[in-house]
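Asker: The structure file upload06.cif (mmCIF, C-alpha atoms) is provided below.
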```cif
data_input
loop_
_atom_site.label_atom_id
_atom_site.label_comp_id
_atom_site.auth_asym_id
_atom_site.auth_seq_id
_atom_site.Cartn_x
_atom_site.Cartn_y
_atom_site.Cartn_z
CA MET N 1113 97.99 3.02 71.74
CA SER N 1114 96.06 3.18 75.02
CA SER N 1115 95.13 0.30 77.27
CA ILE N 1116 91.88 0.01 79.25
CA VAL N 1117 92.06 -0.90 82.92
CA GLU N 1118 89.30 -1.10 85.54
CA ILE N 1119 90.10 -0.59 89.21
CA SER N 1120 87.78 -1.16 92.18
CA LEU N 1121 88.40 0.81 95.36
CA SER N 1122 87.02 0.32 98.83
CA GLU N 1123 85.90 3.35 100.81
CA GLY N 1124 88.90 5.36 102.03
CA GLN N 1125 91.41 3.83 99.63
CA VAL N 1126 93.67 6.18 97.66
CA LEU N 1127 94.78 5.44 94.12
CA ARG N 1128 97.69 7.31 92.56
CA VAL N 1129 97.57 8.08 88.82
CA PHE N 1130 100.44 9.29 86.64
CA GLY N 1131 99.30 10.71 83.29
CA PRO N 1132 98.54 10.64 80.48
CA ALA N 1133 95.25 8.98 81.37
CA ARG N 1134 91.50 9.42 81.15
CA ALA N 1135 89.34 8.16 84.00
CA ASP N 1136 85.61 7.36 83.90
CA VAL N 1137 83.77 6.82 87.17
CA VAL N 1138 81.77 3.62 86.65
CA SER N 1139 80.25 3.58 90.13
CA GLY N 1140 80.61 5.31 93.48
CA THR N 1141 82.16 8.68 94.30
CA VAL N 1142 85.82 9.71 94.40
CA LEU N 1143 87.64 12.87 95.45
CA VAL N 1144 90.17 14.28 92.96
CA VAL N 1145 92.01 17.55 93.65
CA GLY N 1146 89.32 18.61 96.11
CA SER N 1147 86.33 17.92 93.80
CA LYS N 1148 83.87 15.04 93.95
CA TYR N 1149 83.35 12.90 90.85
CA SER N 1150 80.44 10.44 90.81
CA MET N 1151 79.11 7.77 88.47
CA GLY N 1152 79.05 8.98 84.86
CA SER N 1153 81.65 11.71 85.30
CA SER N 1154 85.20 11.68 83.97
CA PHE N 1155 88.50 13.53 84.18
CA VAL N 1156 91.82 13.65 82.34
CA VAL N 1157 95.31 13.50 83.84
CA HIS N 1158 97.97 15.32 81.78
CA LYS N 1159 101.17 13.44 80.97
CA LEU N 1160 103.18 15.67 83.30
CA ARG N 1161 100.78 15.42 86.24
CA SER N 1162 99.99 12.89 88.97
CA TYR N 1163 97.09 12.86 91.43
CA GLY N 1164 95.88 10.95 94.44
CA ILE N 1165 92.27 9.74 94.01
CA LYS N 1166 90.39 8.97 97.23
CA ALA N 1167 87.30 6.76 97.24
CA LEU N 1168 84.56 8.42 99.29
CA SER N 1169 82.48 5.25 98.88
CA PRO N 1170 83.10 1.88 97.26
CA ALA N 1171 83.94 2.89 93.68
CA LYS N 1172 84.96 1.52 90.31
CA LEU N 1173 86.96 3.50 87.74
CA ARG N 1174 87.81 2.73 84.14
CA PHE N 1175 91.12 4.13 82.88
CA ALA N 1176 92.35 4.68 79.34
CA LEU N 1177 96.10 4.73 79.90
CA GLY N 1178 98.48 6.44 77.49
CA GLU N 1179 102.15 5.76 76.95
CA GLY N 1180 104.14 6.21 80.16
CA SER N 1181 101.09 6.36 82.42
CA GLN N 1182 100.84 4.40 85.64
CA ILE N 1183 98.28 3.61 88.34
CA GLU N 1184 98.96 2.18 91.79
CA ILE N 1185 97.36 1.90 95.20
CA ALA N 1186 99.05 4.37 97.53
CA LYS N 1187 100.73 3.04 100.64
CA ASP N 1188 100.05 4.55 104.06
CA GLY N 1189 101.69 7.97 104.37
CA GLU N 1190 102.44 8.40 100.66
CA GLU N 1191 99.41 10.53 99.80
CA VAL N 1192 98.21 13.63 101.63
CA VAL N 1193 94.55 13.88 100.63
CA ASP N 1194 93.34 13.67 104.24
CA GLU N 1195 95.87 16.27 105.43
CA TRP N 1196 94.88 18.62 102.62
CA LEU N 1197 91.22 18.14 103.52
CA LYS N 1198 91.97 19.19 107.11
CA VAL N 1199 93.79 22.32 105.91
CA SER N 1200 90.93 23.10 103.50
CA GLU N 1201 88.37 22.76 106.29
CA HIS N 1202 90.44 25.14 108.42
CA VAL N 1203 90.50 27.67 105.58
CA LEU N 1204 86.76 27.24 104.99
CA LYS N 1205 85.99 28.18 108.59
CA THR N 1206 87.83 31.47 108.08
CA CYS N 1207 86.41 32.22 104.64
CA TRP N 1208 82.87 31.36 105.71
CA LYS N 1209 82.94 34.16 108.29
CA LYS N 1210 84.39 36.90 106.08
CA GLU N 1211 86.30 37.69 102.91
CA CYS N 1212 89.66 35.96 103.10
CA ARG N 1213 93.01 35.74 101.38
CA VAL N 1214 95.25 32.67 101.35
CA LEU N 1215 98.89 32.66 100.25
CA VAL N 1216 100.48 29.35 99.17
CA VAL N 1217 104.28 29.18 99.49
CA GLY N 1218 106.85 26.45 98.82
CA PRO N 1219 109.80 25.33 96.70
CA PRO N 1220 109.49 24.07 93.10
CA GLU N 1221 107.67 20.76 92.65
CA SER N 1222 106.24 20.90 96.18
CA GLY N 1223 102.61 20.69 95.06
CA LYS N 1224 101.72 24.39 95.34
CA SER N 1225 99.66 24.53 92.14
CA THR N 1226 97.85 21.26 92.86
CA PHE N 1227 97.10 22.29 96.43
CA THR N 1228 95.82 25.68 95.23
CA ALA N 1229 93.48 23.90 92.80
CA PHE N 1230 92.48 21.44 95.57
CA LEU N 1231 91.63 24.25 97.99
CA ALA N 1232 89.80 26.25 95.30
CA ASN N 1233 87.65 23.24 94.39
CA TYR N 1234 86.89 22.47 98.03
CA LEU N 1235 85.84 26.05 98.78
CA ARG N 1236 83.76 26.31 95.61
CA GLU N 1237 81.89 23.09 96.35
CA SER N 1238 81.27 24.41 99.88
CA GLY N 1239 79.47 27.45 98.46
CA VAL N 1240 82.31 29.99 98.53
CA ARG N 1241 82.94 32.20 95.51
CA VAL N 1242 86.67 31.77 94.95
CA GLY N 1243 89.36 33.24 92.73
CA VAL N 1244 93.00 32.42 92.12
CA VAL N 1245 95.92 34.77 91.53
CA GLU N 1246 98.54 32.73 89.67
CA GLY N 1247 101.68 34.45 90.89
CA ASP N 1248 104.28 32.06 89.47
CA VAL N 1249 105.69 34.17 86.63
CA GLY N 1250 107.82 31.26 85.40
CA GLN N 1251 105.05 28.74 84.85
CA GLU N 1252 101.96 31.00 84.85
CA ASP N 1253 99.32 28.41 84.09
CA VAL N 1254 96.45 30.89 83.69
CA LEU N 1255 97.84 33.12 80.90
CA VAL N 1256 101.47 33.05 79.72
CA PRO N 1257 104.85 33.28 81.45
CA THR N 1258 105.91 36.92 82.09
CA THR N 1259 102.41 37.65 83.44
CA ILE N 1260 100.49 37.27 86.69
CA ALA N 1261 96.77 36.59 86.25
CA LEU N 1262 93.51 36.50 88.20
CA ALA N 1263 90.81 33.91 87.44
CA GLU N 1264 87.57 32.79 89.04
CA VAL N 1265 87.08 29.09 89.74
CA SER N 1266 83.52 28.42 88.56
CA LYS N 1267 83.80 24.68 87.82
CA PRO N 1268 85.91 21.70 88.95
CA ILE N 1269 89.53 21.89 87.79
CA LEU N 1270 92.50 19.55 88.03
CA TRP N 1271 95.05 22.12 86.91
CA LEU N 1272 95.21 25.92 87.11
CA ARG N 1273 95.87 25.83 83.36
CA GLU N 1274 92.15 25.12 82.88
CA LEU N 1275 91.20 28.58 84.19
CA GLU N 1276 90.38 31.63 82.06
CA PRO N 1277 91.94 34.96 83.13
CA ILE N 1278 89.74 37.85 84.20
CA LEU N 1279 92.58 40.34 84.59
CA PHE N 1280 96.34 40.18 84.39
CA ARG N 1281 99.50 42.20 84.90
CA PHE N 1282 102.58 42.05 82.68
CA VAL N 1283 105.82 41.86 84.69
CA GLY N 1284 108.10 40.95 81.78
CA CYS N 1285 110.24 38.21 83.30
CA THR N 1286 110.02 34.53 84.25
CA SER N 1287 112.10 34.70 87.45
CA PRO N 1288 110.92 37.01 90.24
CA GLN N 1289 114.45 38.05 91.19
CA TYR N 1290 114.55 39.96 87.88
CA CYS N 1291 111.17 41.68 88.42
CA TYR N 1292 111.09 41.77 92.21
CA SER N 1293 108.92 44.82 92.83
CA GLU N 1294 106.77 44.31 89.71
CA SER N 1295 105.77 40.79 90.78
CA ILE N 1296 104.83 41.92 94.29
CA LEU N 1297 102.81 44.89 93.04
CA ALA N 1298 101.04 42.74 90.43
CA ILE N 1299 100.01 40.17 93.04
CA LYS N 1300 98.73 42.88 95.37
CA GLU N 1301 96.77 44.68 92.64
CA LEU N 1302 95.12 41.48 91.42
CA ALA N 1303 94.25 40.35 94.95
CA ASP N 1304 92.61 43.74 95.48
CA GLU N 1305 90.78 43.44 92.15
CA GLY N 1306 89.51 40.00 93.16
CA SER N 1307 88.04 41.45 96.34
CA LYS N 1308 86.40 44.28 94.36
CA LEU N 1309 84.81 41.69 92.05
CA GLY N 1310 83.12 40.06 95.03
CA LEU N 1311 85.30 36.96 95.29
CA ARG N 1312 84.87 35.77 98.86
CA ALA N 1313 88.18 33.89 98.88
CA VAL N 1314 91.26 34.93 96.91
CA LEU N 1315 93.98 32.27 96.76
CA VAL N 1316 97.47 33.35 95.72
CA ASN N 1317 99.81 30.72 94.28
CA THR N 1318 103.45 31.81 94.32
CA ASP N 1319 106.70 30.95 92.57
CA GLY N 1320 109.24 28.53 94.06
CA TRP N 1321 111.92 31.09 94.91
CA VAL N 1322 112.41 30.25 98.59
CA ASN N 1323 115.92 28.77 98.63
CA THR N 1324 117.70 32.04 99.43
CA ALA N 1325 117.30 34.84 101.95
CA SER N 1326 116.17 37.12 99.10
CA GLY N 1327 113.54 34.59 98.05
CA ILE N 1328 112.13 34.33 101.58
CA GLU N 1329 112.15 38.12 101.89
CA HIS N 1330 110.23 38.31 98.60
CA LYS N 1331 107.48 36.12 100.11
CA LEU N 1332 107.47 38.09 103.37
CA THR N 1333 107.06 41.29 101.36
CA ILE N 1334 104.08 39.74 99.55
CA ILE N 1335 102.65 38.88 102.98
CA ARG N 1336 103.14 42.48 104.07
CA TRP N 1337 101.27 43.93 101.13
CA ILE N 1338 98.41 41.50 100.46
CA LYS N 1339 97.81 40.82 104.19
CA PRO N 1340 96.65 37.19 103.87
CA ASP N 1341 94.47 35.68 106.57
CA ILE N 1342 96.27 32.36 106.13
CA VAL N 1343 99.67 31.39 104.72
CA VAL N 1344 100.03 27.74 103.69
CA ALA N 1345 103.62 26.47 103.56
CA MET N 1346 104.23 23.36 101.45
CA ASP N 1347 107.66 22.68 102.94
CA LYS N 1348 108.69 22.17 106.57
CA GLU N 1349 111.76 24.40 106.40
CA VAL N 1350 109.83 27.20 104.70
CA TYR N 1351 107.07 26.74 107.28
CA ASN N 1352 109.57 27.24 110.11
CA TYR N 1353 110.96 30.39 108.48
CA LEU N 1354 107.52 31.91 108.02
CA LEU N 1355 106.35 30.81 111.44
CA LYS N 1356 109.25 32.63 113.06
CA CYS N 1357 108.87 35.80 110.99
CA ALA N 1358 105.13 36.18 110.47
CA ASN N 1359 103.14 34.04 112.90
CA SER N 1360 102.13 37.06 114.98
CA LEU N 1361 100.95 38.80 111.80
CA THR N 1362 98.99 36.03 110.08
CA ASN N 1363 98.00 32.39 110.52
CA VAL N 1364 100.84 30.22 109.16
CA ILE N 1365 99.95 26.56 108.66
CA TYR N 1366 101.71 23.57 107.13
CA ALA N 1367 100.39 21.37 104.32
CA PRO N 1368 102.64 18.38 103.54
CA ARG N 1369 103.61 17.48 100.01
CA PRO N 1370 102.87 13.97 98.66
CA ALA N 1371 105.71 11.51 99.18
CA VAL N 1372 105.43 10.29 95.58
CA VAL N 1373 104.78 12.76 92.75
CA ARG N 1374 105.43 13.11 89.05
CA GLN N 1375 108.64 15.17 89.09
CA ARG N 1376 109.09 17.51 86.14
CA SER N 1377 112.56 18.12 84.76
CA LYS N 1378 113.83 21.57 83.75
CA GLU N 1379 113.29 20.55 80.12
CA GLU N 1380 109.67 19.57 80.82
CA ARG N 1381 109.03 22.83 82.67
CA ARG N 1382 110.52 24.69 79.70
CA GLU N 1383 108.24 22.72 77.36
CA LEU N 1384 105.21 23.69 79.46
CA ARG N 1385 106.16 27.35 79.07
CA THR N 1386 106.48 26.87 75.30
CA GLN N 1387 103.04 25.23 75.21
CA ALA N 1388 101.59 28.22 77.07
CA TYR N 1389 103.11 30.67 74.57
CA LYS N 1390 101.85 28.60 71.62
CA ARG N 1391 98.36 28.34 73.09
CA TYR N 1392 98.15 32.10 73.52
CA PHE N 1393 99.86 33.32 70.34
CA SER N 1394 98.22 30.75 68.04
CA ARG N 1395 95.20 33.09 68.04
CA GLY N 1396 97.28 36.11 67.10
CA ARG N 1397 98.14 38.13 64.03
CA VAL N 1398 100.90 40.63 63.27
CA ARG N 1399 99.95 44.26 63.93
CA ARG N 1400 102.02 47.31 63.03
CA VAL N 1401 102.43 50.08 65.59
CA LYS N 1402 103.92 53.52 64.90
CA LEU N 1403 106.64 54.29 67.43
CA ASP N 1404 105.47 57.89 67.81
CA SER N 1405 101.84 56.85 68.45
CA VAL N 1406 102.31 54.79 71.62
CA GLY N 1407 103.94 55.19 74.99
CA ILE N 1408 106.84 52.82 75.59
CA LEU N 1409 107.89 51.75 79.09
CA SER N 1410 110.99 49.83 80.20
CA ALA N 1411 112.79 50.71 76.97
CA CYS N 1412 116.20 52.35 76.83
CA ALA N 1413 116.97 53.62 73.32
CA LEU N 1414 113.43 54.94 72.81
CA SER N 1415 113.19 56.64 76.19
CA GLY N 1416 116.18 58.98 76.03
CA ARG N 1417 116.67 62.50 74.68
CA THR N 1418 116.75 62.41 70.90
CA ILE N 1419 119.99 63.77 69.48
CA SER N 1420 120.67 64.86 65.93
CA LYS N 1421 123.26 63.26 63.67
CA GLU N 1422 125.34 66.43 63.92
CA GLU N 1423 125.33 66.30 67.72
CA LEU N 1424 126.07 62.59 67.60
CA LEU N 1425 129.15 63.09 65.47
CA GLU N 1426 130.56 65.53 68.02
CA VAL N 1427 130.97 62.73 70.56
CA PHE N 1428 131.02 59.72 68.30
CA LYS N 1429 133.50 58.94 65.52
CA ILE N 1430 132.35 56.62 62.75
CA PRO N 1431 133.71 55.92 59.25
CA ASP N 1432 131.88 57.83 56.50
CA SER N 1433 131.04 54.51 54.84
CA GLU N 1434 128.91 53.55 57.84
CA LEU N 1435 126.99 56.79 58.30
CA ASP N 1436 124.03 55.56 56.26
CA LYS N 1437 123.49 52.75 58.77
CA LEU N 1438 122.54 55.20 61.53
CA VAL N 1439 118.82 55.72 61.99
CA TYR N 1440 118.07 57.06 65.45
CA SER N 1441 120.08 58.14 68.51
CA THR N 1442 119.23 59.06 72.09
CA LYS N 1443 121.17 59.89 75.23
CA VAL N 1444 120.33 58.98 78.82
CA GLY N 1445 122.81 60.40 81.31
CA ASP N 1446 126.26 59.36 80.09
CA THR N 1447 124.95 56.51 77.92
CA LEU N 1448 124.47 56.87 74.18
CA TYR N 1449 121.92 54.63 72.45
CA ILE N 1450 122.09 54.16 68.69
CA ILE N 1451 119.59 52.33 66.51
CA SER N 1452 121.40 51.16 63.41
CA ARG N 1453 120.43 49.05 60.43
CA GLU N 1454 123.49 46.88 61.02
CA PRO N 1455 126.33 46.65 63.56
CA ILE N 1456 128.80 49.52 63.19
CA ASN N 1457 132.41 50.34 64.04
CA PHE N 1458 132.99 53.46 66.10
CA THR N 1459 135.20 55.26 68.60
CA LEU N 1460 134.31 57.85 71.24
CA ASN N 1461 135.86 61.28 71.14
CA SER N 1462 134.08 62.90 74.10
CA GLU N 1463 134.30 62.63 77.87
CA GLY N 1464 130.57 63.22 78.17
CA VAL N 1465 129.73 59.67 77.12
CA SER N 1466 131.05 56.61 78.95
CA ARG N 1467 128.97 53.93 77.27
CA VAL N 1468 127.53 53.31 73.81
CA VAL N 1469 124.82 50.74 73.07
CA VAL N 1470 124.14 49.91 69.43
CA ILE N 1471 120.81 48.27 68.66
CA THR N 1472 119.75 46.66 65.38
CA PRO N 1473 116.33 45.34 64.29
CA LYS N 1474 117.61 41.82 64.97
CA ASP N 1475 118.11 42.71 68.64
CA ALA N 1476 114.45 43.67 69.00
CA ARG N 1477 112.97 40.60 67.31
CA GLY N 1478 111.46 38.04 69.65
CA THR N 1479 111.17 40.39 72.62
CA VAL N 1480 108.00 39.78 74.64
CA VAL N 1481 106.03 42.96 75.35
CA GLY N 1482 102.97 43.87 77.36
CA LEU N 1483 100.23 45.85 75.62
CA LEU N 1484 98.53 48.72 77.41
CA GLY N 1485 95.08 50.05 76.65
CA GLU N 1486 93.00 52.82 78.17
CA HIS N 1487 93.97 53.95 81.68
CA MET N 1488 97.28 52.06 81.31
CA ARG N 1489 95.59 48.70 81.90
CA GLU N 1490 97.18 45.58 80.44
CA VAL N 1491 95.10 44.28 77.55
CA GLY N 1492 97.38 41.72 75.89
CA VAL N 1493 100.83 40.30 75.38
CA GLY N 1494 102.83 40.50 72.16
CA ILE N 1495 106.08 39.45 70.51
CA ILE N 1496 108.10 41.93 68.45
CA THR N 1497 108.58 40.33 65.05
CA ASP N 1498 110.26 43.28 63.34
CA LEU N 1499 111.53 46.81 63.84
CA ASP N 1500 111.00 48.66 60.56
CA LEU N 1501 113.39 51.59 60.61
CA SER N 1502 112.19 53.02 57.30
CA THR N 1503 108.64 53.55 58.58
CA GLN N 1504 109.44 53.85 62.31
CA GLU N 1505 107.08 50.96 63.06
CA LEU N 1506 107.10 47.89 65.26
CA ALA N 1507 105.52 44.67 63.99
CA ILE N 1508 103.95 42.80 66.92
CA LEU N 1509 102.35 39.35 67.00
CA THR N 1510 99.39 39.41 69.39
CA PRO N 1511 95.83 38.08 69.73
CA TRP N 1512 94.70 41.49 71.04
CA GLU N 1513 92.49 43.24 68.48
CA GLY N 1514 91.68 46.44 70.34
CA ASP N 1515 93.38 49.79 70.74
CA ILE N 1516 97.05 49.83 71.77
CA ARG N 1517 98.03 52.89 73.81
CA GLY N 1518 101.39 51.70 75.07
CA LEU N 1519 103.99 48.95 75.33
CA ILE N 1520 106.00 47.51 78.21
CA VAL N 1521 109.26 46.00 77.00
CA GLY N 1522 109.92 42.67 78.70
CA LYS N 1523 113.11 40.86 79.65
CA ILE N 1524 112.39 37.62 77.77
CA LYS N 1525 113.01 36.75 74.11
CA LEU N 1526 111.41 33.92 72.14
CA ASN N 1527 112.68 32.23 68.99
CA GLU N 1528 110.58 31.44 65.92
CA ASN N 1529 109.29 28.25 67.58
CA LEU N 1530 108.10 30.28 70.60
CA GLU N 1531 110.78 28.72 72.76
CA GLU N 1532 112.54 30.95 75.26
CA ALA N 1533 115.81 32.14 73.77
CA GLY N 1534 117.01 33.52 77.07
CA ARG N 1535 116.69 36.45 79.43
CA VAL N 1536 117.41 39.88 77.99
CA THR N 1537 120.57 41.22 79.62
CA ARG N 1538 121.01 44.28 77.43
CA CYS N 1539 118.85 46.87 75.74
CA THR N 1540 116.75 45.57 72.84
CA LEU N 1541 114.68 48.66 72.09
#
```
When written as structure tokens, how does the structure in this file appear?
Answerer:
Amino acid sequence: MSSIVEISLSEGQVLRVFGPARADVVSGTVLVVGSKYSMGSSFVVHKLRSYGIKALSPAKLRFALGEGSQIEIAKDGEEVVDEWLKVSEHVLKTCWKKECRVLVVGPPESGKSTFTAFLANYLRESGVRVGVVEGDVGQEDVLVPTTIALAEVSKPILWLRELEPILFRFVGCTSPQYCYSESILAIKELADEGSKLGLRAVLVNTDGWVNTASGIEHKLTIIRWIKPDIVVAMDKEVYNYLLKCANSLTNVIYAPRPAVVRQRSKEERRELRTQAYKRYFSRGRVRRVKLDSVGILSACALSGRTISKEELLEVFKIPDSELDKLVYSTKVGDTLYIISREPINFTLNSEGVSRVVVITPKDARGTVVGLLGEHMREVGVGIITDLDLSTQELAILTPWEGDIRGLIVGKIKLNENLEEAGRVTRCTL
């Protein structure tokens, strides 16, 4: 049950809204996430979001408030709309002169995504063609987690989740420390693609991994490769790090975070990832792919040298009663990979093998994979639903309907409810 509330604001006042809520502008003009909303327009605040709304003139708003929502007049210093406007104007001066790139860096829940949307809206309404690279592989609002995506901002947005991807790269993980180089390369490639598409400004939102030396080095490496004109730090400590390391290389500026925000718990962030998976895969169907008809990257068992059952039995001792379970075997260096219908008991009888990995169809199920099309370009994301050993086929749930030339095996598994079942720490395929 929602309640209806009307609020009048004087020019310059800032109202803070915690969702879920719908707002209709009855009179006047307000600024929300860098976009202007005037009489007759409306916007929706998600239940896990909060925004500062600044009155650009005397204004009246009508709110339909959902359960758990809240509205309040912000006290001095609590909201940062004016500070973000100053930063946006600074960026506009650079982007108005030439093509520009802006990197947004900060810890989790520091306002990176909201600021990126704010800046994108401000630049767009100032006449700049702008795109966003969503580089947070954990949240990935534009496509799904495990990917990094490029989108153009062609209309007002409150949340990066409202954008439609133009291009994307599959990196296969939801934490950049587990796909360090892949995440950096994906961001660079998509920033370059944005420039080729004629986007005057390319904004890069990043993940929140800045609490360790490795995390800071990850961001400095992104700076090295995408060569941003401006780096916006959403945290004072991160700002000081970047200022010391990169101020002679790029323009490092500070954008403060709001003093009061809707903090999301780990469970809520996990639920957002699940929602993203469901939104994407709800349009999918199960397709069957012959293992010998596609290239497979980042696999282990399927990428080694195939060995015969006779050769296998020279280094591998198994009870005769379990021989029928064996389907496929490969060797990479001193590691033996065995695909079996079920778990098996075995002993090694050779010094040439130091490790044996046994994989069953159950191990493969739920693994997230990237789909490659012509010229090895990512065309979709899929979930392995079955490994059919009798036909040597993979069953993959995906919304992609076109040709599949290859697969990239990811490091994330999902359960039947499309909830993350954990990071893959051993070979699944």
Asker: Specify as a CSV table (one decimal) with C-alpha atoms, in the coordinates of the input each residue included when the PyMOL selection byres ((chain N and resi 1283) around 12) is applied to this file.
Answerer:
```
chain,number,residue,atom,x,y,z
N,1247,GLY,CA,101.7,34.4,90.9
N,1248,ASP,CA,104.3,32.1,89.5
N,1249,VAL,CA,105.7,34.2,86.6
N,1250,GLY,CA,107.8,31.3,85.4
N,1252,GLU,CA,102.0,31.0,84.8
N,1256,VAL,CA,101.5,33.0,79.7
N,1257,PRO,CA,104.8,33.3,81.4
N,1258,THR,CA,105.9,36.9,82.1
N,1259,THR,CA,102.4,37.6,83.4
N,1260,ILE,CA,100.5,37.3,86.7
N,1261,ALA,CA,96.8,36.6,86.2
N,1280,PHE,CA,96.3,40.2,84.4
N,1281,ARG,CA,99.5,42.2,84.9
N,1282,PHE,CA,102.6,42.0,82.7
N,1284,GLY,CA,108.1,41.0,81.8
N,1285,CYS,CA,110.2,38.2,83.3
N,1286,THR,CA,110.0,34.5,84.2
N,1287,SER,CA,112.1,34.7,87.4
N,1288,PRO,CA,110.9,37.0,90.2
N,1289,GLN,CA,114.4,38.0,91.2
N,1290,TYR,CA,114.6,40.0,87.9
N,1291,CYS,CA,111.2,41.7,88.4
N,1292,TYR,CA,111.1,41.8,92.2
N,1293,SER,CA,108.9,44.8,92.8
N,1294,GLU,CA,106.8,44.3,89.7
N,1295,SER,CA,105.8,40.8,90.8
N,1296,ILE,CA,104.8,41.9,94.3
N,1297,LEU,CA,102.8,44.9,93.0
N,1298,ALA,CA,101.0,42.7,90.4
N,1299,ILE,CA,100.0,40.2,93.0
N,1409,LEU,CA,107.9,51.8,79.1
N,1410,SER,CA,111.0,49.8,80.2
N,1480,VAL,CA,108.0,39.8,74.6
N,1481,VAL,CA,106.0,43.0,75.4
N,1482,GLY,CA,103.0,43.9,77.4
N,1483,LEU,CA,100.2,45.8,75.6
N,1490,GLU,CA,97.2,45.6,80.4
N,1493,VAL,CA,100.8,40.3,75.4
N,1519,LEU,CA,104.0,49.0,75.3
N,1520,ILE,CA,106.0,47.5,78.2
N,1521,VAL,CA,109.3,46.0,77.0
N,1522,GLY,CA,109.9,42.7,78.7
N,1523,LYS,CA,113.1,40.9,79.6
N,1524,ILE,CA,112.4,37.6,77.8
```
Asker: Which one is closest to N:Glu1426: N:Val1470, N:Val1465, N:Ala1388, N:Ile1116? Count all atoms listed in the file.
Answerer: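 Once distances to N:Glu1426 are computed over all atoms listed in the file, the minimum belongs to N:Val1465.
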Asker: Would you mind telling me which residue in N:Leu1354, N:Val1156, N:Asp1304, N:Pro1277 lies nearest to N:Ala1325 when using only C-alpha atoms?
Answerer: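 For N:Ala1325, the nearest of the given residues is N:Leu1354.
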Asker: Give as a PyMOL selection string each residue that has an atom at most 6 Å from (96.8, 34.0, 102.7) in the file, counting all atoms listed in the file.
Answerer: chain N and resi 1213-1215+1340-1343
Asker: Please evaluate the PyMOL selection byres ((chain N and resi 1189) around 12) against the displayed coordinates and give the resulting residues as a count of residues only.
Answerer: 17
Asker: Leaving out N:Leu1448 and any residue of its chain fewer than 2 positions from it, which residues lie within 7 Å of it when counting only C-alpha atoms, given as a PyMOL selection string?
Answerer: chain N and resi 1442-1444+1446+1450+1465+1467-1469
Asker: Once the PyMOL selection byres ((chain N and resi 1541) around 10) has been evaluated on this model, what residues remain selected, and can you format them as a list in words?
Answerer: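 Taken on the displayed file, the PyMOL selection byres ((chain N and resi 1541) around 10) yields the residues Ile1408, Ser1410, Ala1411, Cys1412, Ala1413, Leu1414, Ser1415, Tyr1449, Ile1450, Ile1451, Val1470, Ile1471, Thr1472, Pro1473, Asp1475, Ala1476, Arg1477, Thr1479, Leu1499, Val1521, Arg1538, Cys1539 and Thr1540 of chain N.
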Asker: Skip stretch 1457-1462 of chain N itself and residues of its chain fewer than 5 positions away, then list as a PyMOL selection string all residues within 7 Å of it, counting only C-alpha atoms.
Answerer: chain N and resi 1427-1430
Asker: Could those residues be written to a file, using C-alpha atoms, as an mmCIF file, in the coordinates of the input?
Answerer:
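What follows is the written file out-v2.cif:
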```cif
data_model
loop_
_atom_site.group_PDB
_atom_site.id
_atom_site.type_symbol
_atom_site.label_atom_id
_atom_site.label_comp_id
_atom_site.auth_asym_id
_atom_site.auth_seq_id
_atom_site.Cartn_x
_atom_site.Cartn_y
_atom_site.Cartn_z
ATOM 1 C CA VAL N 1427 130.970 62.730 70.560
ATOM 2 C CA PHE N 1428 131.020 59.720 68.300
ATOM 3 C CA LYS N 1429 133.500 58.940 65.520
ATOM 4 C CA ILE N 1430 132.350 56.620 62.750
#
```
Asker: Could you work out how far atom CA of N:Ala1507 lies from atom CA of N:Arg1535, giving the answer in Å with one decimal?
Answerer: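 It comes out at 20.8 Å.
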Asker: Give me the residues near stretch 1135-1141 of chain N as a PDB file with C-alpha atoms, keeping the file's coordinate frame, where near means some atom within 6 Å (using all atoms listed in the file) and where sequence neighbours in that chain fewer than 2 positions away do not count.
Answerer:
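Everything below was put into part_17.pdb:
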```
ATOM      1  CA  TYR N1149      83.350  12.900  90.850  1.00  0.00           C
ATOM      2  CA  SER N1150      80.440  10.440  90.810  1.00  0.00           C
ATOM      3  CA  MET N1151      79.110   7.770  88.470  1.00  0.00           C
ATOM      4  CA  GLY N1152      79.050   8.980  84.860  1.00  0.00           C
ATOM      5  CA  SER N1153      81.650  11.710  85.300  1.00  0.00           C
ATOM      6  CA  SER N1154      85.200  11.680  83.970  1.00  0.00           C
ATOM      7  CA  PHE N1155      88.500  13.530  84.180  1.00  0.00           C
ATOM      8  CA  LEU N1168      84.560   8.420  99.290  1.00  0.00           C
ATOM      9  CA  SER N1169      82.480   5.250  98.880  1.00  0.00           C
ATOM     10  CA  PRO N1170      83.100   1.880  97.260  1.00  0.00           C
ATOM     11  CA  ALA N1171      83.940   2.890  93.680  1.00  0.00           C
ATOM     12  CA  LYS N1172      84.960   1.520  90.310  1.00  0.00           C
ATOM     13  CA  LEU N1173      86.960   3.500  87.740  1.00  0.00           C
ATOM     14  CA  ARG N1174      87.810   2.730  84.140  1.00  0.00           C
ATOM     15  CA  PHE N1175      91.120   4.130  82.880  1.00  0.00           C
TER      16      PHE N1175
END
```
Asker: Quick check, in Å to one decimal: how far apart do atom CA of N:Asp1347 and atom CA of N:Val1364 lie?
Answerer: 11.9 Å
Asker: Report as number ranges by chain all protein, DNA and RNA residues lying within 9 Å of N:Ile1328, evaluated on all atoms listed in the file, omitting residues in the same chain fewer than 5 positions from it.
Answerer: N: 1321-1323, 1333, 1350, 1353-1354
